[in-house]
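S.K.: Contents of my_file_17.pdb (PDB, N, CA and C atoms) are below:
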```pdb
ATOM      1  N   MET A   1     -29.548   9.719  -1.180
ATOM      2  CA  MET A   1     -28.659  10.263  -0.164
ATOM      3  C   MET A   1     -27.869  11.421  -0.785
ATOM      4  N   SER A   2     -27.740  12.470  -0.037
ATOM      5  CA  SER A   2     -27.044  13.649  -0.540
ATOM      6  C   SER A   2     -25.529  13.452  -0.457
ATOM      7  N   LEU A   3     -24.829  14.347  -1.106
ATOM      8  CA  LEU A   3     -23.366  14.281  -1.110
ATOM      9  C   LEU A   3     -22.803  14.473   0.296
ATOM     10  N   THR A   4     -23.372  15.376   1.055
ATOM     11  CA  THR A   4     -22.894  15.569   2.432
ATOM     12  C   THR A   4     -23.172  14.349   3.292
ATOM     13  N   GLY A   5     -24.286  13.666   3.030
ATOM     14  CA  GLY A   5     -24.573  12.427   3.759
ATOM     15  C   GLY A   5     -23.561  11.339   3.439
ATOM     16  N   ILE A   6     -23.182  11.242   2.164
ATOM     17  CA  ILE A   6     -22.171  10.256   1.759
ATOM     18  C   ILE A   6     -20.830  10.581   2.401
ATOM     19  N   ILE A   7     -20.438  11.842   2.397
ATOM     20  CA  ILE A   7     -19.171  12.252   3.008
ATOM     21  C   ILE A   7     -19.185  11.979   4.510
ATOM     22  N   THR A   8     -20.327  12.206   5.150
ATOM     23  CA  THR A   8     -20.444  11.936   6.586
ATOM     24  C   THR A   8     -20.265  10.450   6.882
ATOM     25  N   VAL A   9     -20.886   9.586   6.088
ATOM     26  CA  VAL A   9     -20.740   8.147   6.282
ATOM     27  C   VAL A   9     -19.288   7.726   6.063
ATOM     28  N   LEU A  10     -18.651   8.242   5.022
ATOM     29  CA  LEU A  10     -17.245   7.922   4.767
ATOM     30  C   LEU A  10     -16.342   8.409   5.900
ATOM     31  N   TRP A  11     -16.638   9.593   6.427
ATOM     32  CA  TRP A  11     -15.836  10.124   7.521
ATOM     33  C   TRP A  11     -15.941   9.237   8.757
ATOM     34  N   TYR A  12     -17.155   8.837   9.124
ATOM     35  CA  TYR A  12     -17.315   7.985  10.299
ATOM     36  C   TYR A  12     -16.759   6.578  10.075
ATOM     37  N   SER A  13     -16.704   6.137   8.830
ATOM     38  CA  SER A  13     -16.083   4.847   8.524
ATOM     39  C   SER A  13     -14.572   4.915   8.649
ATOM     40  N   ALA A  14     -13.984   6.040   8.266
ATOM     41  CA  ALA A  14     -12.531   6.191   8.298
ATOM     42  C   ALA A  14     -12.019   6.645   9.659
ATOM     43  N   LEU A  15     -12.885   7.174  10.495
ATOM     44  CA  LEU A  15     -12.460   7.744  11.773
ATOM     45  C   LEU A  15     -11.657   6.792  12.651
ATOM     46  N   PRO A  16     -12.037   5.526  12.821
ATOM     47  CA  PRO A  16     -11.216   4.651  13.669
ATOM     48  C   PRO A  16      -9.856   4.327  13.063
ATOM     49  N   TRP A  17      -9.708   4.554  11.771
ATOM     50  CA  TRP A  17      -8.457   4.196  11.087
ATOM     51  C   TRP A  17      -7.592   5.401  10.765
ATOM     52  N   LEU A  18      -7.905   6.575  11.272
ATOM     53  CA  LEU A  18      -7.131   7.774  10.935
ATOM     54  C   LEU A  18      -5.670   7.665  11.369
ATOM     55  N   TRP A  19      -5.409   7.047  12.503
ATOM     56  CA  TRP A  19      -4.030   6.895  12.957
ATOM     57  C   TRP A  19      -3.243   6.030  11.982
ATOM     58  N   LEU A  20      -3.863   4.994  11.432
ATOM     59  CA  LEU A  20      -3.185   4.118  10.490
ATOM     60  C   LEU A  20      -2.989   4.817   9.145
ATOM     61  N   ILE A  21      -3.963   5.590   8.733
ATOM     62  CA  ILE A  21      -3.846   6.356   7.492
ATOM     63  C   ILE A  21      -2.720   7.368   7.615
ATOM     64  N   ALA A  22      -2.646   8.052   8.754
ATOM     65  CA  ALA A  22      -1.563   9.025   8.976
ATOM     66  C   ALA A  22      -0.203   8.329   9.003
ATOM     67  N   LEU A  23      -0.117   7.166   9.627
ATOM     68  CA  LEU A  23       1.137   6.413   9.661
ATOM     69  C   LEU A  23       1.560   5.987   8.260
ATOM     70  N   MET A  24       0.610   5.537   7.448
ATOM     71  CA  MET A  24       0.938   5.132   6.085
ATOM     72  C   MET A  24       1.380   6.316   5.233
ATOM     73  N   ILE A  25       0.794   7.470   5.445
ATOM     74  CA  ILE A  25       1.213   8.661   4.709
ATOM     75  C   ILE A  25       2.634   9.050   5.097
ATOM     76  N   VAL A  26       2.945   8.985   6.388
ATOM     77  CA  VAL A  26       4.296   9.309   6.847
ATOM     78  C   VAL A  26       5.296   8.298   6.293
ATOM     79  N   LEU A  27       4.945   6.992   6.340
ATOM     80  CA  LEU A  27       5.833   5.959   5.806
ATOM     81  C   LEU A  27       6.049   6.112   4.306
ATOM     82  N   PHE A  28       5.095   6.695   3.619
ATOM     83  CA  PHE A  28       5.249   6.960   2.195
ATOM     84  C   PHE A  28       6.093   8.203   1.948
ATOM     85  N   LEU A  29       5.815   9.270   2.676
ATOM     86  CA  LEU A  29       6.450  10.553   2.389
ATOM     87  C   LEU A  29       7.926  10.620   2.809
ATOM     88  N   VAL A  30       8.271  10.028   3.942
ATOM     89  CA  VAL A  30       9.646  10.152   4.439
ATOM     90  C   VAL A  30      10.660   9.575   3.449
ATOM     91  N   PRO A  31      10.515   8.320   2.969
ATOM     92  CA  PRO A  31      11.493   7.838   1.988
ATOM     93  C   PRO A  31      11.450   8.610   0.673
ATOM     94  N   GLN A  32      10.260   9.044   0.248
ATOM     95  CA  GLN A  32      10.171   9.798  -0.997
ATOM     96  C   GLN A  32      10.917  11.129  -0.891
ATOM     97  N   ILE A  33      10.713  11.843   0.194
ATOM     98  CA  ILE A  33      11.368  13.151   0.364
ATOM     99  C   ILE A  33      12.868  12.980   0.520
ATOM    100  N   LEU A  34      13.296  12.042   1.371
ATOM    101  CA  LEU A  34      14.736  11.823   1.554
ATOM    102  C   LEU A  34      15.387  11.355   0.263
ATOM    103  N   GLY A  35      14.723  10.473  -0.471
ATOM    104  CA  GLY A  35      15.273  10.005  -1.734
ATOM    105  C   GLY A  35      15.367  11.108  -2.765
ATOM    106  N   ARG A  36      14.356  11.941  -2.834
ATOM    107  CA  ARG A  36      14.379  13.038  -3.820
ATOM    108  C   ARG A  36      15.439  14.074  -3.489
ATOM    109  N   MET A  37      15.744  14.227  -2.204
ATOM    110  CA  MET A  37      16.828  15.134  -1.829
ATOM    111  C   MET A  37      18.178  14.580  -2.288
ATOM    112  N   LYS A  38      18.268  13.263  -2.489
ATOM    113  CA  LYS A  38      19.508  12.634  -2.925
ATOM    114  C   LYS A  38      19.486  12.262  -4.398
ATOM    115  N   GLY A  39      18.517  12.770  -5.155
ATOM    116  CA  GLY A  39      18.487  12.553  -6.595
ATOM    117  C   GLY A  39      17.602  11.421  -7.066
ATOM    118  N   TYR A  40      16.753  10.892  -6.236
ATOM    119  CA  TYR A  40      15.883   9.783  -6.614
ATOM    120  C   TYR A  40      14.772  10.246  -7.541
ATOM    121  N   THR A  41      14.494   9.437  -8.564
ATOM    122  CA  THR A  41      13.305   9.586  -9.402
ATOM    123  C   THR A  41      12.684   8.207  -9.553
ATOM    124  N   PHE A  42      11.459   8.157 -10.073
ATOM    125  CA  PHE A  42      10.800   6.863 -10.238
ATOM    126  C   PHE A  42      11.548   5.966 -11.219
ATOM    127  N   SER A  43      12.288   6.568 -12.148
ATOM    128  CA  SER A  43      13.020   5.770 -13.127
ATOM    129  C   SER A  43      14.419   5.396 -12.643
ATOM    130  N   SER A  44      14.780   5.774 -11.435
ATOM    131  CA  SER A  44      16.091   5.421 -10.885
ATOM    132  C   SER A  44      16.167   3.918 -10.634
ATOM    133  N   THR A  45      17.405   3.408 -10.623
ATOM    134  CA  THR A  45      17.610   1.999 -10.311
ATOM    135  C   THR A  45      17.433   1.808  -8.816
ATOM    136  N   GLY A  46      16.502   0.952  -8.452
ATOM    137  CA  GLY A  46      16.221   0.728  -7.038
ATOM    138  C   GLY A  46      17.161  -0.282  -6.436
ATOM    139  N   GLY A  47      16.893  -1.521  -6.670
ATOM    140  CA  GLY A  47      17.689  -2.587  -6.106
ATOM    141  C   GLY A  47      16.871  -3.855  -6.038
ATOM    142  N   ILE A  48      17.490  -4.895  -5.569
ATOM    143  CA  ILE A  48      16.820  -6.192  -5.521
ATOM    144  C   ILE A  48      15.631  -6.170  -4.561
ATOM    145  N   GLY A  49      15.731  -5.409  -3.490
ATOM    146  CA  GLY A  49      14.638  -5.337  -2.529
ATOM    147  C   GLY A  49      13.372  -4.736  -3.113
ATOM    148  N   SER A  50      13.529  -3.762  -3.993
ATOM    149  CA  SER A  50      12.355  -3.130  -4.590
ATOM    150  C   SER A  50      11.810  -3.941  -5.754
ATOM    151  N   LYS A  51      12.508  -4.989  -6.158
ATOM    152  CA  LYS A  51      12.006  -5.873  -7.209
ATOM    153  C   LYS A  51      11.361  -7.128  -6.639
ATOM    154  N   VAL A  52      11.851  -7.616  -5.511
ATOM    155  CA  VAL A  52      11.394  -8.880  -4.950
ATOM    156  C   VAL A  52      10.298  -8.688  -3.907
ATOM    157  N   LEU A  53      10.441  -7.717  -3.033
ATOM    158  CA  LEU A  53       9.510  -7.577  -1.915
ATOM    159  C   LEU A  53       8.094  -7.142  -2.305
ATOM    160  N   PRO A  54       7.879  -6.216  -3.246
ATOM    161  CA  PRO A  54       6.493  -5.871  -3.588
ATOM    162  C   PRO A  54       5.653  -7.040  -4.105
ATOM    163  N   PRO A  55       6.174  -7.944  -4.960
ATOM    164  CA  PRO A  55       5.350  -9.110  -5.309
ATOM    165  C   PRO A  55       5.068 -10.029  -4.120
ATOM    166  N   ILE A  56       6.026 -10.111  -3.188
ATOM    167  CA  ILE A  56       5.790 -10.906  -1.981
ATOM    168  C   ILE A  56       4.683 -10.271  -1.146
ATOM    169  N   VAL A  57       4.696  -8.942  -1.040
ATOM    170  CA  VAL A  57       3.640  -8.229  -0.317
ATOM    171  C   VAL A  57       2.298  -8.443  -1.004
ATOM    172  N   PHE A  58       2.293  -8.429  -2.345
ATOM    173  CA  PHE A  58       1.056  -8.667  -3.096
ATOM    174  C   PHE A  58       0.466 -10.038  -2.771
ATOM    175  N   VAL A  59       1.294 -11.073  -2.830
ATOM    176  CA  VAL A  59       0.809 -12.432  -2.565
ATOM    177  C   VAL A  59       0.396 -12.580  -1.105
ATOM    178  N   ALA A  60       1.168 -12.008  -0.194
ATOM    179  CA  ALA A  60       0.816 -12.082   1.224
ATOM    180  C   ALA A  60      -0.501 -11.358   1.490
ATOM    181  N   ALA A  61      -0.719 -10.247   0.804
ATOM    182  CA  ALA A  61      -1.958  -9.494   1.003
ATOM    183  C   ALA A  61      -3.171 -10.288   0.538
ATOM    184  N   LEU A  62      -3.005 -11.150  -0.478
ATOM    185  CA  LEU A  62      -4.124 -11.982  -0.921
ATOM    186  C   LEU A  62      -4.646 -12.853   0.209
ATOM    187  N   PHE A  63      -3.736 -13.296   1.093
ATOM    188  CA  PHE A  63      -4.148 -14.164   2.192
ATOM    189  C   PHE A  63      -4.424 -13.391   3.484
ATOM    190  N   LEU A  64      -3.729 -12.261   3.681
ATOM    191  CA  LEU A  64      -3.860 -11.538   4.942
ATOM    192  C   LEU A  64      -5.021 -10.545   4.963
ATOM    193  N   LEU A  65      -5.410 -10.019   3.821
ATOM    194  CA  LEU A  65      -6.524  -9.066   3.804
ATOM    195  C   LEU A  65      -7.840  -9.683   4.271
ATOM    196  N   PRO A  66      -8.186 -10.907   3.854
ATOM    197  CA  PRO A  66      -9.418 -11.483   4.426
ATOM    198  C   PRO A  66      -9.323 -11.692   5.935
ATOM    199  N   ILE A  67      -8.152 -12.033   6.436
ATOM    200  CA  ILE A  67      -7.983 -12.198   7.882
ATOM    201  C   ILE A  67      -8.178 -10.852   8.577
ATOM    202  N   HIS A  68      -7.664  -9.788   7.958
ATOM    203  CA  HIS A  68      -7.806  -8.445   8.533
ATOM    204  C   HIS A  68      -9.275  -8.038   8.635
ATOM    205  N   THR A  69     -10.071  -8.462   7.685
ATOM    206  CA  THR A  69     -11.491  -8.120   7.715
ATOM    207  C   THR A  69     -12.318  -9.174   8.443
ATOM    208  N   GLN A  70     -11.651 -10.040   9.186
ATOM    209  CA  GLN A  70     -12.292 -11.107   9.959
ATOM    210  C   GLN A  70     -13.139 -12.002   9.055
ATOM    211  N   SER A  71     -12.536 -12.390   7.936
ATOM    212  CA  SER A  71     -13.180 -13.239   6.969
ATOM    213  C   SER A  71     -12.215 -14.365   6.591
ATOM    214  N   THR A  72     -12.567 -15.148   5.607
ATOM    215  CA  THR A  72     -11.681 -16.185   5.086
ATOM    216  C   THR A  72     -11.763 -16.166   3.565
ATOM    217  N   ILE A  73     -10.809 -16.839   2.937
ATOM    218  CA  ILE A  73     -10.821 -16.939   1.481
ATOM    219  C   ILE A  73     -12.096 -17.669   1.025
ATOM    220  N   GLY A  74     -12.614 -18.557   1.853
ATOM    221  CA  GLY A  74     -13.830 -19.296   1.502
ATOM    222  C   GLY A  74     -15.042 -18.403   1.301
ATOM    223  N   TYR A  75     -15.048 -17.231   1.900
ATOM    224  CA  TYR A  75     -16.170 -16.309   1.737
ATOM    225  C   TYR A  75     -16.036 -15.430   0.499
ATOM    226  N   VAL A  76     -14.915 -15.512  -0.188
ATOM    227  CA  VAL A  76     -14.720 -14.735  -1.410
ATOM    228  C   VAL A  76     -15.326 -15.560  -2.540
ATOM    229  N   ASN A  77     -16.605 -15.337  -2.819
ATOM    230  CA  ASN A  77     -17.340 -16.195  -3.744
ATOM    231  C   ASN A  77     -17.557 -15.576  -5.113
ATOM    232  N   THR A  78     -17.979 -14.341  -5.168
ATOM    233  CA  THR A  78     -18.362 -13.740  -6.449
ATOM    234  C   THR A  78     -17.171 -13.074  -7.105
ATOM    235  N   TRP A  79     -17.340 -12.749  -8.374
ATOM    236  CA  TRP A  79     -16.260 -12.096  -9.104
ATOM    237  C   TRP A  79     -15.993 -10.708  -8.549
ATOM    238  N   VAL A  80     -17.007 -10.067  -7.971
ATOM    239  CA  VAL A  80     -16.809  -8.745  -7.376
ATOM    240  C   VAL A  80     -15.923  -8.859  -6.134
ATOM    241  N   ASP A  81     -16.156  -9.894  -5.325
ATOM    242  CA  ASP A  81     -15.315 -10.118  -4.147
ATOM    243  C   ASP A  81     -13.865 -10.364  -4.557
ATOM    244  N   TRP A  82     -13.673 -11.210  -5.571
ATOM    245  CA  TRP A  82     -12.314 -11.493  -6.039
ATOM    246  C   TRP A  82     -11.659 -10.240  -6.618
ATOM    247  N   LEU A  83     -12.434  -9.460  -7.357
ATOM    248  CA  LEU A  83     -11.897  -8.229  -7.931
ATOM    249  C   LEU A  83     -11.479  -7.255  -6.835
ATOM    250  N   ASN A  84     -12.282  -7.137  -5.775
ATOM    251  CA  ASN A  84     -11.918  -6.273  -4.649
ATOM    252  C   ASN A  84     -10.667  -6.772  -3.944
ATOM    253  N   LEU A  85     -10.575  -8.087  -3.736
ATOM    254  CA  LEU A  85      -9.409  -8.654  -3.069
ATOM    255  C   LEU A  85      -8.151  -8.468  -3.905
ATOM    256  N   ILE A  86      -8.241  -8.733  -5.193
ATOM    257  CA  ILE A  86      -7.075  -8.572  -6.070
ATOM    258  C   ILE A  86      -6.695  -7.097  -6.180
ATOM    259  N   GLY A  87      -7.681  -6.218  -6.280
ATOM    260  CA  GLY A  87      -7.398  -4.782  -6.350
ATOM    261  C   GLY A  87      -6.724  -4.262  -5.092
ATOM    262  N   ALA A  88      -7.207  -4.692  -3.936
ATOM    263  CA  ALA A  88      -6.577  -4.272  -2.680
ATOM    264  C   ALA A  88      -5.166  -4.831  -2.568
ATOM    265  N   SER A  89      -4.951  -6.054  -3.041
ATOM    266  CA  SER A  89      -3.613  -6.652  -2.999
ATOM    267  C   SER A  89      -2.655  -5.931  -3.947
ATOM    268  N   ILE A  90      -3.144  -5.570  -5.126
ATOM    269  CA  ILE A  90      -2.318  -4.796  -6.059
ATOM    270  C   ILE A  90      -1.957  -3.455  -5.435
ATOM    271  N   GLY A  91      -2.926  -2.825  -4.771
ATOM    272  CA  GLY A  91      -2.645  -1.553  -4.085
ATOM    273  C   GLY A  91      -1.576  -1.711  -3.014
ATOM    274  N   CYS A  92      -1.614  -2.814  -2.267
ATOM    275  CA  CYS A  92      -0.585  -3.069  -1.252
ATOM    276  C   CYS A  92       0.778  -3.262  -1.898
ATOM    277  N   GLY A  93       0.809  -3.965  -3.028
ATOM    278  CA  GLY A  93       2.074  -4.164  -3.737
ATOM    279  C   GLY A  93       2.637  -2.865  -4.280
ATOM    280  N   ILE A  94       1.775  -2.023  -4.835
ATOM    281  CA  ILE A  94       2.230  -0.715  -5.342
ATOM    282  C   ILE A  94       2.719   0.161  -4.196
ATOM    283  N   TYR A  95       1.995   0.151  -3.086
ATOM    284  CA  TYR A  95       2.428   0.927  -1.918
ATOM    285  C   TYR A  95       3.787   0.439  -1.428
ATOM    286  N   ALA A  96       3.987  -0.886  -1.395
ATOM    287  CA  ALA A  96       5.277  -1.436  -0.970
ATOM    288  C   ALA A  96       6.386  -0.984  -1.913
ATOM    289  N   TRP A  97       6.104  -0.966  -3.219
ATOM    290  CA  TRP A  97       7.123  -0.514  -4.161
ATOM    291  C   TRP A  97       7.431   0.967  -3.957
ATOM    292  N   LEU A  98       6.388   1.779  -3.747
ATOM    293  CA  LEU A  98       6.600   3.218  -3.558
ATOM    294  C   LEU A  98       7.402   3.518  -2.296
ATOM    295  N   VAL A  99       7.301   2.656  -1.290
ATOM    296  CA  VAL A  99       8.059   2.858  -0.056
ATOM    297  C   VAL A  99       9.468   2.279  -0.195
ATOM    298  N   LEU A 100       9.583   1.094  -0.777
ATOM    299  CA  LEU A 100      10.878   0.403  -0.816
ATOM    300  C   LEU A 100      11.814   0.897  -1.912
ATOM    301  N   HIS A 101      11.289   1.376  -3.024
ATOM    302  CA  HIS A 101      12.148   1.789  -4.132
ATOM    303  C   HIS A 101      13.100   2.920  -3.750
ATOM    304  N   PRO A 102      12.637   4.007  -3.119
ATOM    305  CA  PRO A 102      13.603   5.039  -2.732
ATOM    306  C   PRO A 102      14.565   4.573  -1.640
ATOM    307  N   ILE A 103      14.101   3.678  -0.757
ATOM    308  CA  ILE A 103      14.991   3.165   0.286
ATOM    309  C   ILE A 103      16.119   2.349  -0.341
ATOM    310  N   CYS A 104      15.762   1.480  -1.292
ATOM    311  CA  CYS A 104      16.787   0.681  -1.978
ATOM    312  C   CYS A 104      17.707   1.562  -2.817
ATOM    313  N   TYR A 105      17.169   2.612  -3.413
ATOM    314  CA  TYR A 105      18.004   3.544  -4.184
ATOM    315  C   TYR A 105      19.044   4.199  -3.268
ATOM    316  N   MET A 106      18.592   4.689  -2.127
ATOM    317  CA  MET A 106      19.531   5.350  -1.207
ATOM    318  C   MET A 106      20.548   4.365  -0.657
ATOM    319  N   ARG A 107      20.130   3.150  -0.387
ATOM    320  CA  ARG A 107      21.033   2.123   0.133
ATOM    321  C   ARG A 107      22.085   1.765  -0.918
ATOM    322  N   ASN A 108      21.692   1.598  -2.170
ATOM    323  CA  ASN A 108      22.628   1.244  -3.231
ATOM    324  C   ASN A 108      23.521   2.413  -3.609
ATOM    325  N   ARG A 109      23.039   3.605  -3.439
ATOM    326  CA  ARG A 109      23.821   4.790  -3.809
ATOM    327  C   ARG A 109      24.978   4.998  -2.838
ATOM    328  N   THR A 110      24.772   4.667  -1.559
ATOM    329  CA  THR A 110      25.835   4.858  -0.581
ATOM    330  C   THR A 110      26.784   3.671  -0.538
ATOM    331  N   ALA A 111      26.373   2.521  -1.117
ATOM    332  CA  ALA A 111      27.230   1.323  -1.068
ATOM    333  C   ALA A 111      28.357   1.415  -2.078
TER     334      ALA A 111
END
```
Would you write out, as structure tokens, the structure that this file holds?
M.R.:
Amino acid sequence: MSLTGIITVLWYSALPWLWLIALMIVLFLVPQILGRMKGYTFSSTGGIGSKVLPPIVFVAALFLLPIHTQSTIGYVNTWVDWLNLIGASIGCGIYAWLVLHPICYMRNRTA
């Protein structure tokens, strides 16, 4: 399969989810931009919310991602399946931290 064929398949796979991808980008960018305008950096002190909620999102994603794909944990049999599930859950946890950390920074800075 050629590179353009691969890109075409990826495009048609992502097409139904473009609205969700755009929403996630906006949810990521708005707190980052607002926080950076107020002096936020990745090494800034966030708050309790940015320390507690991302691990909760990670654990919740372990159980909710199979439901989202209309599957169950029972179908996660091979090490590749587990690696994909854990990787996607880690990605959800990192995304939660990237969204919540600047929000907690701004909240603690004004308090």
S.K.: Any idea what's packed within 8 Å of Leu62 (chain A), counting only C-alpha atoms, ignoring anything in its chain fewer than 5 positions away? Could you give it as a list in words?
M.R.: Leu85, Ile86 and Ser89 of chain A
S.K.: For Ile90 (chain A), which of A:Val59, A:Ile103, A:Ile73, A:Ile48 is the closest residue, counting all atoms listed in the file?
M.R.: A:Val59
S.K.: For region 22-34 of chain A, work out the shell of residues within 8 Å, counting all atoms listed in the file and skipping chain neighbours fewer than 2 positions away, then give it as a PDB file with N, CA and C atoms, in the coordinates of the input.
M.R.:
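Dumped to out_19.pdb:
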```pdb
ATOM      1  N   TRP A  17      -9.708   4.554  11.771  1.00  0.00           N
ATOM      2  CA  TRP A  17      -8.457   4.196  11.087  1.00  0.00           C
ATOM      3  C   TRP A  17      -7.592   5.401  10.765  1.00  0.00           C
ATOM      4  N   LEU A  18      -7.905   6.575  11.272  1.00  0.00           N
ATOM      5  CA  LEU A  18      -7.131   7.774  10.935  1.00  0.00           C
ATOM      6  C   LEU A  18      -5.670   7.665  11.369  1.00  0.00           C
ATOM      7  N   TRP A  19      -5.409   7.047  12.503  1.00  0.00           N
ATOM      8  CA  TRP A  19      -4.030   6.895  12.957  1.00  0.00           C
ATOM      9  C   TRP A  19      -3.243   6.030  11.982  1.00  0.00           C
ATOM     10  N   LEU A  20      -3.863   4.994  11.432  1.00  0.00           N
ATOM     11  CA  LEU A  20      -3.185   4.118  10.490  1.00  0.00           C
ATOM     12  C   LEU A  20      -2.989   4.817   9.145  1.00  0.00           C
ATOM     13  N   ARG A  36      14.356  11.941  -2.834  1.00  0.00           N
ATOM     14  CA  ARG A  36      14.379  13.038  -3.820  1.00  0.00           C
ATOM     15  C   ARG A  36      15.439  14.074  -3.489  1.00  0.00           C
ATOM     16  N   MET A  37      15.744  14.227  -2.204  1.00  0.00           N
ATOM     17  CA  MET A  37      16.828  15.134  -1.829  1.00  0.00           C
ATOM     18  C   MET A  37      18.178  14.580  -2.288  1.00  0.00           C
ATOM     19  N   LYS A  38      18.268  13.263  -2.489  1.00  0.00           N
ATOM     20  CA  LYS A  38      19.508  12.634  -2.925  1.00  0.00           C
ATOM     21  C   LYS A  38      19.486  12.262  -4.398  1.00  0.00           C
ATOM     22  N   GLY A  39      18.517  12.770  -5.155  1.00  0.00           N
ATOM     23  CA  GLY A  39      18.487  12.553  -6.595  1.00  0.00           C
ATOM     24  C   GLY A  39      17.602  11.421  -7.066  1.00  0.00           C
ATOM     25  N   TYR A  40      16.753  10.892  -6.236  1.00  0.00           N
ATOM     26  CA  TYR A  40      15.883   9.783  -6.614  1.00  0.00           C
ATOM     27  C   TYR A  40      14.772  10.246  -7.541  1.00  0.00           C
ATOM     28  N   TYR A  95       1.995   0.151  -3.086  1.00  0.00           N
ATOM     29  CA  TYR A  95       2.428   0.927  -1.918  1.00  0.00           C
ATOM     30  C   TYR A  95       3.787   0.439  -1.428  1.00  0.00           C
ATOM     31  N   LEU A  98       6.388   1.779  -3.747  1.00  0.00           N
ATOM     32  CA  LEU A  98       6.600   3.218  -3.558  1.00  0.00           C
ATOM     33  C   LEU A  98       7.402   3.518  -2.296  1.00  0.00           C
ATOM     34  N   VAL A  99       7.301   2.656  -1.290  1.00  0.00           N
ATOM     35  CA  VAL A  99       8.059   2.858  -0.056  1.00  0.00           C
ATOM     36  C   VAL A  99       9.468   2.279  -0.195  1.00  0.00           C
ATOM     37  N   LEU A 100       9.583   1.094  -0.777  1.00  0.00           N
ATOM     38  CA  LEU A 100      10.878   0.403  -0.816  1.00  0.00           C
ATOM     39  C   LEU A 100      11.814   0.897  -1.912  1.00  0.00           C
ATOM     40  N   HIS A 101      11.289   1.376  -3.024  1.00  0.00           N
ATOM     41  CA  HIS A 101      12.148   1.789  -4.132  1.00  0.00           C
ATOM     42  C   HIS A 101      13.100   2.920  -3.750  1.00  0.00           C
ATOM     43  N   PRO A 102      12.637   4.007  -3.119  1.00  0.00           N
ATOM     44  CA  PRO A 102      13.603   5.039  -2.732  1.00  0.00           C
ATOM     45  C   PRO A 102      14.565   4.573  -1.640  1.00  0.00           C
ATOM     46  N   ILE A 103      14.101   3.678  -0.757  1.00  0.00           N
ATOM     47  CA  ILE A 103      14.991   3.165   0.286  1.00  0.00           C
ATOM     48  C   ILE A 103      16.119   2.349  -0.341  1.00  0.00           C
ATOM     49  N   MET A 106      18.592   4.689  -2.127  1.00  0.00           N
ATOM     50  CA  MET A 106      19.531   5.350  -1.207  1.00  0.00           C
ATOM     51  C   MET A 106      20.548   4.365  -0.657  1.00  0.00           C
TER      52      MET A 106
END
```
S.K.: Please provide the set of residues having any atom within 8 Å of Ala88 (chain A), restricted to all atoms listed in the file, with same-chain residues fewer than 4 positions apart removed, written as a PyMOL selection string.
M.R.: chain A and resi 58+61-62+65+82-84+92-94
S.K.: How would you write, as an NGL selection string, the set of residues in chain A that DSSP gives as helix (DSSP H, G or I)?
M.R.: :A and (3-37 or 48-68 or 73-75 or 79-110)
S.K.: One number please: CA of Trp79 (chain A) to atom N of Ser2 (chain A), in Å, one decimal.
M.R.: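 So the two atoms, CA of Trp79 (chain A) and atom N of Ser2 (chain A), lie 28.6 Å apart.
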S.K.: Could you tell me how far CA of Trp97 (chain A) sits from CA of Phe42 (chain A), in Å to one decimal place?
M.R.: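 Taking CA of Phe42 (chain A) as the start and CA of Trp97 (chain A) as the end point, the length is 10.2 Å.
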S.K.: Quick check, in Å to one decimal: how far apart do CA of Ser44 (chain A) and atom C of Cys104 (chain A) lie?
M.R.: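 Computed distance, CA of Ser44 (chain A) to atom C of Cys104 (chain A), equals 9.1 Å.
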